[in-house]
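Pasted below: entry31.txt, compact mmCIF, C-alpha atoms.
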# COMPACT_ATOMS: atom_id res chain seq x y z
CA ALA A 1404 78.95 94.61 103.51
CA VAL A 1405 77.27 96.74 106.12
CA VAL A 1406 74.99 93.95 107.32
CA SER A 1407 77.23 90.98 107.94
CA THR A 1408 77.12 88.30 110.57
CA GLN A 1409 79.62 90.23 112.67
CA SER A 1410 77.86 93.59 112.69
CA THR A 1411 74.30 92.33 113.36
CA GLY A 1412 74.88 92.72 117.11
CA VAL A 1413 75.71 96.42 116.79
CA LEU A 1414 72.80 97.04 114.42
CA VAL A 1415 70.28 95.25 116.65
CA GLY A 1416 71.52 97.19 119.69
CA ILE A 1417 71.31 100.55 117.93
CA LEU A 1418 67.85 99.75 116.54
CA MET A 1419 66.61 98.82 120.02
CA ILE A 1420 67.87 102.11 121.47
CA LEU A 1421 66.22 104.07 118.64
CA HIS A 1422 63.00 102.14 119.12
CA ALA A 1423 63.07 102.88 122.85
CA GLY A 1424 63.58 106.58 122.02
CA PHE A 1425 60.57 106.63 119.69
CA GLY A 1426 58.58 104.72 122.28
CA SER A 1427 59.34 107.24 125.02
CA ALA A 1428 58.47 110.18 122.69
CA GLN A 1429 55.15 108.51 121.84
CA HIS A 1430 54.51 107.85 125.54
CA ARG A 1431 54.99 111.51 126.44
CA ALA A 1432 52.76 112.63 123.54
CA HIS A 1433 50.07 110.20 124.71
CA LEU A 1434 50.33 111.58 128.28
CA ARG A 1435 50.06 115.17 127.00
CA VAL A 1436 46.97 114.32 124.93
CA SER A 1437 45.25 112.48 127.78
CA GLU A 1438 46.32 115.21 130.30
CA GLN A 1439 48.02 112.81 132.70
CA PRO A 1440 51.04 113.95 134.77
CA TYR A 1441 54.44 112.75 133.66
CA GLU A 1442 55.79 110.39 136.28
CA GLY A 1443 58.67 108.78 134.48
CA LEU A 1444 58.98 106.36 131.63
CA PRO A 1445 57.40 102.88 131.72
CA VAL A 1446 59.67 100.01 132.77
CA ASP A 1447 59.59 98.22 129.41
CA ILE A 1448 60.99 101.23 127.54
CA LEU A 1449 63.77 101.62 130.11
CA THR A 1450 64.73 97.93 129.97
CA GLN A 1451 64.69 98.04 126.17
CA CYS A 1452 67.07 101.01 126.23
CA VAL A 1453 69.50 99.38 128.66
CA LEU A 1454 69.38 96.01 126.86
CA GLY A 1455 69.96 97.71 123.51
CA PHE A 1456 73.02 99.47 124.95
CA VAL A 1457 74.46 96.20 126.34
CA ILE A 1458 73.88 94.36 123.04
CA ALA A 1459 75.47 97.21 121.09
CA CYS A 1460 78.55 97.11 123.36
CA ILE A 1461 78.95 93.35 122.90
CA GLY A 1462 78.45 93.71 119.14
CA ILE A 1463 81.11 96.44 118.87
CA THR A 1464 83.76 94.20 120.43
CA LYS A 1465 83.09 91.63 117.70
CA VAL A 1466 83.39 94.23 114.95
CA ALA A 1467 86.45 95.94 116.34
CA GLY A 1468 88.83 93.02 115.72
CA ASP A 1469 91.39 91.13 117.80
CA PHE A 1470 92.55 92.48 121.12
CA LYS A 1471 96.29 93.18 121.47
CA ASP A 1472 98.33 92.11 124.50
CA ILE A 1473 98.71 94.71 127.24
CA SER A 1474 102.43 94.15 127.71
CA ALA A 1475 104.31 95.91 124.91
CA THR A 1476 107.02 93.29 124.91
CA ASN A 1477 104.76 90.29 124.16
CA ASP A 1478 104.41 91.38 120.56
CA MET A 1479 108.13 91.96 120.15
CA ASN A 1480 109.20 88.74 121.85
CA ARG A 1481 107.86 86.75 118.94
CA LYS A 1482 110.29 88.41 116.52
CA THR A 1483 113.43 86.51 115.63
CA MET A 1484 116.93 87.54 114.64
CA ASP A 1485 116.36 86.28 111.09
CA SER A 1486 114.24 89.17 109.99
CA ILE A 1487 115.67 91.88 112.23
CA THR A 1488 118.49 92.65 109.79
CA ASN A 1489 116.15 92.91 106.78
CA VAL A 1490 115.67 96.54 105.81
CA PRO A 1491 113.40 96.57 102.73
CA ALA A 1492 114.49 100.08 101.74
CA PHE A 1493 118.06 98.80 101.18
CA TYR A 1494 117.35 95.52 99.38
CA HIS A 1495 119.59 95.02 96.36
CA PHE A 1496 119.46 92.38 93.66
CA ALA A 1497 123.13 91.57 93.20
CA HIS A 1498 122.71 88.06 94.57
CA ARG A 1499 122.54 84.47 93.37
CA GLY A 1500 118.87 84.78 92.43
CA ARG A 1501 120.00 86.03 89.06
CA ALA A 1502 121.70 82.71 88.35
CA ILE A 1503 119.16 80.45 90.06
CA HIS A 1504 116.09 81.87 88.31
CA SER A 1505 117.65 82.22 84.91
CA VAL A 1506 115.02 80.27 82.94
CA ILE A 1507 112.21 82.56 81.83
CA TYR A 1508 108.70 81.11 82.18
CA MET B 173 83.20 82.29 96.53
CA LEU B 174 83.84 79.04 94.72
CA ARG B 175 87.37 78.24 93.70
CA PRO B 176 87.68 76.32 90.40
CA ALA B 177 88.48 72.67 90.98
CA GLU B 178 91.69 72.55 89.00
CA THR B 179 93.64 75.35 90.69
CA VAL B 180 96.82 74.36 92.50
CA HIS B 181 96.57 75.43 96.10
CA PRO B 182 99.35 77.84 97.06
CA LEU B 183 102.42 76.47 98.79
CA GLY B 184 100.98 72.96 98.43
CA GLU B 185 98.62 73.39 101.41
CA ASN B 186 94.93 74.18 101.54
CA LYS B 187 94.78 77.74 102.80
CA THR B 188 91.60 79.65 103.49
CA TRP B 189 91.33 83.23 102.27
CA PRO B 190 91.85 84.88 105.70
CA GLU B 191 95.00 82.77 106.20
CA ILE B 192 96.42 83.84 102.83
CA ARG B 193 95.70 87.51 103.50
CA ASN B 194 97.12 87.34 107.05
CA THR B 195 100.29 85.58 105.85
CA LEU B 196 100.89 88.23 103.21
CA ARG B 197 100.25 90.97 105.77
CA ALA B 198 102.65 89.38 108.26
CA TRP B 199 105.39 89.12 105.60
CA ARG B 200 104.85 92.78 104.72
CA LYS B 201 104.97 93.92 108.33
CA GLU B 202 107.82 91.74 109.57
CA ASN B 203 110.09 92.42 106.55
CA ILE B 204 110.49 88.72 105.83
CA ARG B 205 112.24 88.24 102.51
CA CYS B 206 110.88 84.85 101.35
CA SER B 207 110.52 85.93 97.73
CA ASP B 208 109.55 82.62 96.11
CA LYS B 209 106.71 82.02 98.59
CA THR B 210 105.61 85.65 98.38
CA VAL B 211 105.39 85.49 94.60
CA GLU B 212 103.47 82.21 94.64
CA LEU B 213 101.02 83.27 97.36
CA GLY B 214 100.70 86.84 96.14
CA GLU B 215 100.06 85.86 92.52
CA TYR B 216 97.40 83.40 93.67
CA ALA B 217 95.75 86.03 95.87
CA LEU B 218 95.73 88.67 93.12
CA GLN B 219 94.34 86.20 90.59
CA HIS B 220 91.55 84.68 92.68
CA TYR B 221 90.79 87.10 95.51
CA SER B 222 91.33 90.48 93.93
CA ALA B 223 87.83 91.65 94.90
CA SER B 224 88.18 90.59 98.54
CA LEU B 225 91.52 92.39 98.78
CA GLY B 226 89.98 95.78 98.07
CA ASN B 227 92.43 98.59 98.63
CA GLU B 228 95.04 96.23 100.02
CA LYS B 229 95.45 95.03 96.42
CA TRP B 230 97.92 97.81 95.59
CA ALA B 231 100.13 97.02 98.57
CA VAL B 232 100.15 93.37 97.51
CA TYR B 233 101.08 94.36 93.94
CA GLU B 234 104.04 96.33 95.33
CA GLN B 235 105.04 93.42 97.57
CA VAL B 236 104.82 90.91 94.71
CA CYS B 237 106.76 93.24 92.38
CA ILE B 238 109.71 93.54 94.76
CA ALA B 239 109.68 89.80 95.50
CA ALA B 240 109.51 88.97 91.79
CA LEU B 241 112.58 91.15 91.16
CA ASP B 242 114.46 88.75 93.46
CA MET B 243 113.44 85.93 91.11
CA CYS B 244 114.29 87.63 87.84
CA PRO B 245 114.97 87.05 85.00
CA ALA B 246 112.38 84.28 85.33
CA LYS B 247 109.64 86.60 86.63
CA MET B 248 110.32 89.67 84.54
CA LYS B 249 106.87 89.50 82.95
CA LEU B 250 105.26 89.59 86.38
CA VAL B 251 107.38 92.61 87.37
CA ASN B 252 106.34 94.48 84.24
CA LYS B 253 102.69 93.60 84.80
CA CYS B 254 102.78 94.84 88.41
CA ILE B 255 104.44 98.12 87.45
CA GLN B 256 101.94 98.61 84.63
CA VAL B 257 98.90 97.98 86.85
CA LEU B 258 100.23 100.28 89.59
CA SER B 259 101.09 103.11 87.19
CA GLU B 260 97.62 102.91 85.67
CA GLN B 261 96.07 103.19 89.12
CA PHE B 262 98.49 105.85 90.47
CA PRO B 263 99.57 107.87 87.42
CA SER B 264 102.33 110.18 88.68
CA SER B 265 103.24 108.46 91.92
CA LEU B 266 106.73 108.59 93.41
CA ARG B 267 106.35 105.14 94.95
CA VAL B 268 105.62 103.58 91.55
CA SER B 269 108.62 105.39 90.07
CA MET B 270 110.69 103.80 92.85
CA LEU B 271 109.63 100.38 91.50
CA GLU B 272 110.80 101.36 88.02
CA GLY B 273 114.09 102.48 89.57
CA LEU B 274 114.38 99.10 91.29
CA LYS B 275 113.97 97.44 87.92
CA PHE B 276 116.81 99.56 86.49
CA GLU B 277 118.95 98.55 89.46
CA TYR B 278 118.23 94.88 88.79
CA LEU B 279 119.19 95.35 85.12
CA LYS B 280 122.45 96.95 86.38
CA LYS B 281 121.65 100.20 84.56
CA TRP B 282 123.19 102.20 87.39
CA ASP B 283 123.35 105.52 85.53
CA ALA B 284 119.70 105.42 84.51
CA ALA B 285 118.69 104.55 88.08
CA LEU B 286 120.87 107.27 89.62
CA GLU B 287 119.51 109.83 87.17
CA MET B 288 115.96 108.84 88.10
CA TYR B 289 116.63 109.07 91.83
CA ASP B 290 118.41 112.42 91.53
CA GLY B 291 115.40 113.71 89.61
CA MET B 292 113.07 112.49 92.34
CA ILE B 293 115.22 114.09 95.06
CA GLU B 294 115.12 117.40 93.22
CA TYR B 295 111.36 117.16 92.76
CA GLU B 296 110.61 116.11 96.35
CA PRO B 297 113.58 116.46 98.74
CA THR B 298 111.60 115.21 101.77
CA PHE B 299 110.86 111.78 100.29
CA PRO B 300 113.49 109.54 101.93
CA ALA B 301 113.36 106.51 99.62
CA PRO B 302 115.59 107.71 96.72
CA TYR B 303 118.42 108.62 99.13
CA LYS B 304 118.33 105.07 100.47
CA ARG B 305 118.27 103.56 96.99
CA LYS B 306 121.45 105.47 96.12
CA VAL B 307 123.11 103.82 99.12
CA ALA B 308 121.77 100.45 97.93
CA ILE B 309 123.23 101.05 94.46
CA PHE B 310 126.68 101.53 96.00
CA LYS B 311 126.17 98.44 98.16
CA ALA B 312 125.22 96.34 95.14
CA GLN B 313 128.40 97.42 93.38
CA ASN B 314 130.38 96.65 96.55
CA LYS B 315 131.55 100.26 96.86
CA ILE B 316 131.33 100.21 100.65
CA VAL B 317 133.13 103.52 101.33
CA ASP B 318 130.76 105.42 99.03
CA ALA B 319 127.77 103.66 100.56
CA VAL B 320 128.85 104.59 104.09
CA ASN B 321 129.49 108.22 103.13
CA GLU B 322 126.15 108.49 101.40
CA LEU B 323 124.34 106.87 104.32
CA ASN B 324 126.03 109.18 106.84
CA LYS B 325 125.02 112.18 104.75
CA TYR B 326 121.44 110.92 104.68
CA LEU B 327 121.40 110.30 108.43
CA GLY B 328 122.66 113.84 109.02
CA THR B 329 119.33 115.08 107.66
CA PHE B 330 116.95 112.26 108.56
CA SER B 331 118.36 111.25 111.93
CA CYS B 332 115.20 109.55 113.23
CA ASP B 333 115.18 106.78 110.66
CA HIS B 334 115.87 103.69 112.78
CA GLU B 335 116.00 101.41 109.74
CA SER B 336 118.92 103.34 108.31
CA TRP B 337 120.78 103.34 111.62
CA LEU B 338 120.35 99.54 111.68
CA GLU B 339 121.66 99.29 108.13
CA LEU B 340 124.66 101.46 108.96
CA ALA B 341 125.37 99.32 112.04
CA ASP B 342 125.22 96.26 109.80
CA ILE B 343 127.69 97.73 107.30
CA TYR B 344 130.10 98.81 110.05
CA THR B 345 129.92 95.35 111.66
CA THR B 346 130.78 93.65 108.38
CA GLN B 347 133.72 96.05 108.03
CA GLN B 348 134.68 95.26 111.65
CA ASN B 349 134.40 98.90 112.69
CA TYR B 350 132.72 97.96 115.97
CA THR B 351 132.91 101.28 117.84
CA LYS B 352 130.96 103.04 115.11
CA ALA B 353 128.52 100.14 114.93
CA LEU B 354 127.92 100.58 118.67
CA PHE B 355 126.98 104.24 118.13
CA CYS B 356 124.45 103.27 115.46
CA VAL B 357 122.81 100.61 117.62
CA GLU B 358 122.64 103.14 120.47
CA GLU B 359 120.60 105.44 118.21
CA VAL B 360 118.22 102.56 117.52
CA LEU B 361 118.02 101.65 121.22
CA LEU B 362 116.96 105.23 121.98
CA GLN B 363 113.90 104.78 119.80
CA TYR B 364 113.01 101.20 120.69
CA PRO B 365 114.12 100.52 124.25
CA HIS B 366 111.67 97.62 124.64
CA ASN B 367 113.01 95.50 121.82
CA HIS B 368 115.08 92.67 123.27
CA LEU B 369 116.81 92.02 119.95
CA TYR B 370 118.43 95.46 119.84
CA HIS B 371 119.77 95.05 123.39
CA GLN B 372 121.16 91.67 122.40
CA ARG B 373 122.77 93.15 119.28
CA TYR B 374 124.43 95.87 121.34
CA ALA B 375 125.71 93.27 123.77
CA ASP B 376 126.99 91.10 120.90
CA ILE B 377 129.08 93.98 119.54
CA LEU B 378 130.42 94.85 123.01
CA PHE B 379 131.34 91.20 123.58
CA THR B 380 133.15 91.08 120.24
CA LEU B 381 135.16 94.17 121.15
CA GLY B 382 136.32 92.48 124.35
CA GLY B 383 138.12 93.95 127.33
CA LYS B 384 136.97 94.06 130.93
CA GLU B 385 134.66 97.12 130.80
CA ASN B 386 133.04 96.04 127.52
CA LEU B 387 132.41 92.55 128.86
CA GLU B 388 130.80 93.96 132.00
CA MET B 389 128.57 96.22 129.90
CA SER B 390 127.68 93.33 127.64
CA CYS B 391 126.64 91.31 130.72
CA LYS B 392 124.27 94.14 131.62
CA TYR B 393 122.76 94.33 128.12
CA TYR B 394 122.42 90.56 127.80
CA SER B 395 120.63 90.55 131.16
CA LYS B 396 118.29 93.28 129.92
CA ALA B 397 117.54 91.30 126.78
CA ALA B 398 116.90 88.16 128.81
CA GLU B 399 114.68 90.14 131.19
CA LEU B 400 112.61 91.54 128.33
CA ASN B 401 112.29 88.14 126.67
CA PRO B 402 113.02 85.05 128.78
CA GLY B 403 112.95 83.03 125.57
CA ASN B 404 115.93 84.82 124.02
CA VAL B 405 118.40 81.97 124.28
CA ARG B 406 121.13 83.83 122.42
CA ALA B 407 121.15 86.45 125.16
CA LEU B 408 121.41 83.71 127.79
CA PHE B 409 124.30 82.05 125.96
CA GLY B 410 125.99 85.43 125.62
CA LEU B 411 125.50 86.09 129.32
CA GLN B 412 126.98 82.71 130.24
CA LEU B 413 130.04 83.23 128.00
CA ALA B 414 130.62 86.82 129.14
CA ALA B 415 130.30 85.97 132.82
CA THR B 416 132.61 82.94 132.49
CA THR B 417 135.21 85.03 130.66
CA LEU B 418 134.99 87.79 133.24
CA SER B 419 135.55 85.37 136.10
CA GLY B 420 138.80 84.32 134.45
CA ILE B 421 140.21 87.77 133.61
CA GLY B 422 143.18 89.09 135.51
CA LYS B 423 143.22 90.07 139.17
CA LEU B 424 139.77 89.87 140.68
CA SER B 425 138.58 89.97 144.24
CA SER B 426 137.13 86.62 145.25
CA LYS B 427 133.67 88.20 145.68
CA ALA B 428 133.66 89.53 142.09
CA LYS B 429 134.87 86.17 140.80
CA SER B 430 132.16 84.23 142.64
CA ASP B 431 129.54 86.76 141.46
CA HIS B 432 130.47 86.19 137.84
CA GLN B 433 130.55 82.44 138.27
CA SER B 434 127.12 82.35 139.91
CA LEU B 435 125.78 84.53 137.07
CA ALA B 436 127.20 82.08 134.53
CA ALA B 437 125.71 79.15 136.44
CA TRP B 438 122.31 80.86 136.56
CA ALA B 439 122.46 81.45 132.80
CA SER B 440 123.32 77.78 132.14
CA ASP B 441 120.43 76.61 134.31
CA THR B 442 118.00 78.95 132.57
CA ILE B 443 119.14 77.68 129.16
CA GLU B 444 118.62 74.07 130.22
CA ASP B 445 115.19 74.90 131.66
CA TYR B 446 114.22 76.66 128.44
CA TYR B 447 115.19 73.67 126.29
CA LYS B 448 113.29 71.36 128.62
CA SER B 449 110.22 73.58 128.44
CA GLN B 450 110.34 73.43 124.65
CA LYS B 451 110.13 69.62 124.91
CA THR B 452 113.37 68.88 123.08
CA SER B 453 114.59 65.30 123.13
CA LYS B 454 116.52 64.09 126.20
CA SER B 455 119.67 63.43 124.18
CA LEU B 456 119.74 67.01 122.92
CA ILE B 457 119.35 68.35 126.47
CA CYS B 458 122.30 66.23 127.63
CA GLU B 459 124.39 67.58 124.75
CA VAL B 460 123.44 71.13 125.63
CA ALA B 461 124.32 70.58 129.27
CA SER B 462 127.73 69.13 128.45
CA THR B 463 128.48 71.96 125.98
CA LEU B 464 127.56 74.55 128.59
CA ASP B 465 130.07 73.06 130.98
CA LYS B 466 132.82 73.32 128.41
CA LEU B 467 131.91 76.83 127.22
CA SER B 468 134.52 79.42 127.96
CA LEU B 469 136.70 81.78 126.00
CA LYS B 470 140.40 81.10 126.06
Could I get this file's structure written as structure tokens?
Amino acid sequence: AVVSTQSTGVLVGILMILHAGFGSAQHRAHLRVSEQPYEGLPVDILTQCVLGFVIACIGITKVAGDFKDISATNDMNRKTMDSITNVPAFYHFAHRGRAIHSVIY
Amino acid sequence: MLRPAETVHPLGENKTWPEIRNTLRAWRKENIRCSDKTVELGEYALQHYSASLGNEKWAVYEQVCIAALDMCPAKMKLVNKCIQVLSEQFPSSLRVSMLEGLKFEYLKKWDAALEMYDGMIEYEPTFPAPYKRKVAIFKAQNKIVDAVNELNKYLGTFSCDHESWLELADIYTTQQNYTKALFCVEEVLLQYPHNHLYHQRYADILFTLGGKENLEMSCKYYSKAAELNPGNVRALFGLQLAATTLSGIGKLSSKAKSDHQSLAAWASDTIEDYYKSQKTSKSLICEVASTLDKLSLK
């Protein structure tokens, strides 16, 4: 689902940024109508934009999944010799399984 | 999602859905051939969690089909069901035809299987799987020479396939043709230089060949394997044996001899430290220590 507990962070962050954008557009329109000079955006819109960005960043790390180790060998060191010789493309079925699993159920 | 009260939990333990899915994924990725567990877990997942699986469902069907073939004739119905579901979803797919070919191979209908694979090769010569199945057919019939020839022919065209080089190295090792096995493992090492297991395999074959130069090379490769993975105890044991043997071979300067002996001693200490760090019982550690003292090749 698009709205799940994990992706709420990203959604909230994006919505805050959009809301800050609309707010700044409305602010400039209001200044144009009331013929006041434009001296920069109000502090609350700026803080909302920055906060929305931070929340979206934190939310993305939750959605993106587990981090992998930096060292390439850490992943490989967990492999064992048991499975290294298994090549699925060359599996054949001429083994004892035929005799062991001979009862059909 | 509520599970009905009377279902038997897979593998006798209570597993949550993410655990089941991750286990199946790990078995797929790591090429672990535990067919009975795969069939039990996979069947359970397909029955109860088929909606949560989504598109992974088809990969699980393939995995369960191949695992069930290991357990035939008991699971033949499951094999047929998997093939039927997959062919309904993917009507003219080569991968599904491979599963049908596998079924022929299980039923020992070699000619039918070979005919099918030859047809697939003619239709799509760049699809590597049928070539490999032809090699597997020869292996199953124990026709090793044909299998090796076929595999060499395949590797002439598809020379980047590290799996096939590994398989060829395996076949050569079982036939005790160690120099050719070395060449195959070298090809694999070129592609995966960070994998400690391949370095250890190379060193194992060198050690088996024997002789002063080979033993020295095997020391180097065992050291590399131990450097990449300090927990690779087989590499440490190999290093200890190779260094001890080298210190006893023929005419050596005293410096070379003491070098080899100190290397062997370092390897023994590292092995003991590793066992201690894994919290093995004291009696086992004493046994290991005494065995290490007696280890040497005559």
Margin query: Contacts from chain B to chain A, 9 Å maximum, all atoms listed in the file: show me the residue list as a ChimeraX atom specification.
Written below: /B:202-205,241-249,274,277-278,280,301,304-305,307-309,311-313,335-336,338-339,342,366-370,400-404
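In this structure, CA of Lys396 (chain B) sits 25.2 Å away from CA of Ile457 (chain B).
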Note to self: Can you measure CA of His220 (chain B) to CA of Glu260 (chain B) for me? One decimal in Å is fine.
What the structure shows: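 Spanning CA of His220 (chain B) to CA of Glu260 (chain B) is a straight-line distance of 20.5 Å.
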Notebook entry, point to check: Which residues, written as a PyMOL selection string, have at least one atom at most 8 Å from Arg406 (chain B), with all atoms listed in the file counted and residues fewer than 3 positions away on the same chain left out?
Noted result: chain B and resi 372+409-410
Residues within 12 Å of Lys384 (chain B), all atoms listed in the file, excluding chain neighbours under 3 positions, as a tab-separated table (two decimals) with C-alpha atoms, in the frame of the given file:
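Contents of the output file selection-v4.tsv:
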chain	number	residue	atom	x	y	z
B	378	LEU	CA	130.42	94.85	123.01
B	379	PHE	CA	131.34	91.20	123.58
B	380	THR	CA	133.15	91.08	120.24
B	381	LEU	CA	135.16	94.17	121.15
B	387	LEU	CA	132.41	92.55	128.86
B	388	GLU	CA	130.80	93.96	132.00
B	389	MET	CA	128.57	96.22	129.90
B	390	SER	CA	127.68	93.33	127.64
B	391	CYS	CA	126.64	91.31	130.72
B	414	ALA	CA	130.62	86.82	129.14
B	415	ALA	CA	130.30	85.97	132.82
B	417	THR	CA	135.21	85.03	130.66
B	418	LEU	CA	134.99	87.79	133.24
B	419	SER	CA	135.55	85.37	136.10
B	420	GLY	CA	138.80	84.32	134.45
B	421	ILE	CA	140.21	87.77	133.61
B	422	GLY	CA	143.18	89.09	135.51
B	423	LYS	CA	143.22	90.07	139.17
B	424	LEU	CA	139.77	89.87	140.68
Region 1438-1470 of chain A near region 1417-1423 of chain A within 9 Å: what's each residue's closest atom pair and its distance in Å to one decimal, counting all atoms listed in the file, ordered by chain then ascending residue number, as a Markdown table?
| residue | atom | partner | partner_atom | distance |
| --- | --- | --- | --- | --- |
| A:Asp1447 | CA | A:Ala1423 | CA | 8.8 |
| A:Ile1448 | CA | A:Ala1423 | CA | 5.4 |
| A:Leu1449 | CA | A:Ala1423 | CA | 7.4 |
| A:Thr1450 | CA | A:Ala1423 | CA | 8.8 |
| A:Gln1451 | CA | A:Ala1423 | CA | 6.1 |
| A:Cys1452 | CA | A:Ile1420 | CA | 5.0 |
| A:Val1453 | CA | A:Ile1420 | CA | 7.9 |
| A:Leu1454 | CA | A:Met1419 | CA | 7.9 |
| A:Gly1455 | CA | A:Met1419 | CA | 5.0 |
| A:Phe1456 | CA | A:Ile1420 | CA | 6.8 |
| A:Ile1458 | CA | A:Ile1417 | CA | 8.4 |
| A:Ala1459 | CA | A:Ile1417 | CA | 6.2 |
Margin query: I'd like the neighbourhood of region 325-332 of chain B as a VMD selection string, where a residue qualifies if any of its atoms comes within 10 Å (using all atoms listed in the file), though same-chain residues fewer than 4 positions away should be ignored.
Written below: chain B and resid 298 300 303 to 304 307 319 to 321 336 to 337 340 359 to 360 362 to 363
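Using only C-alpha atoms, the shortest contact distance between Cys356 (chain B) and any of B:Val236, B:Cys458, B:Ala398, B:Ala341 is found at B:Ala341.
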Check: So, counting all atoms listed in the file, which residue among A:Pro1445, A:Pro1440, A:Gly1468, A:Gly1462 is closest to Val1415 (chain A)?
Finding: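 Going through A:Pro1445, A:Pro1440, A:Gly1468, A:Gly1462 one by one, the smallest distance to Val1415 (chain A) is for A:Gly1462.
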Item checked: Counting all atoms listed in the file, the option among A:Ile1473, A:Val1413, A:Leu1444, A:Val1466 closest to Ala1432 (chain A) ->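 The closest residue to Ala1432 (chain A) is A:Leu1444.
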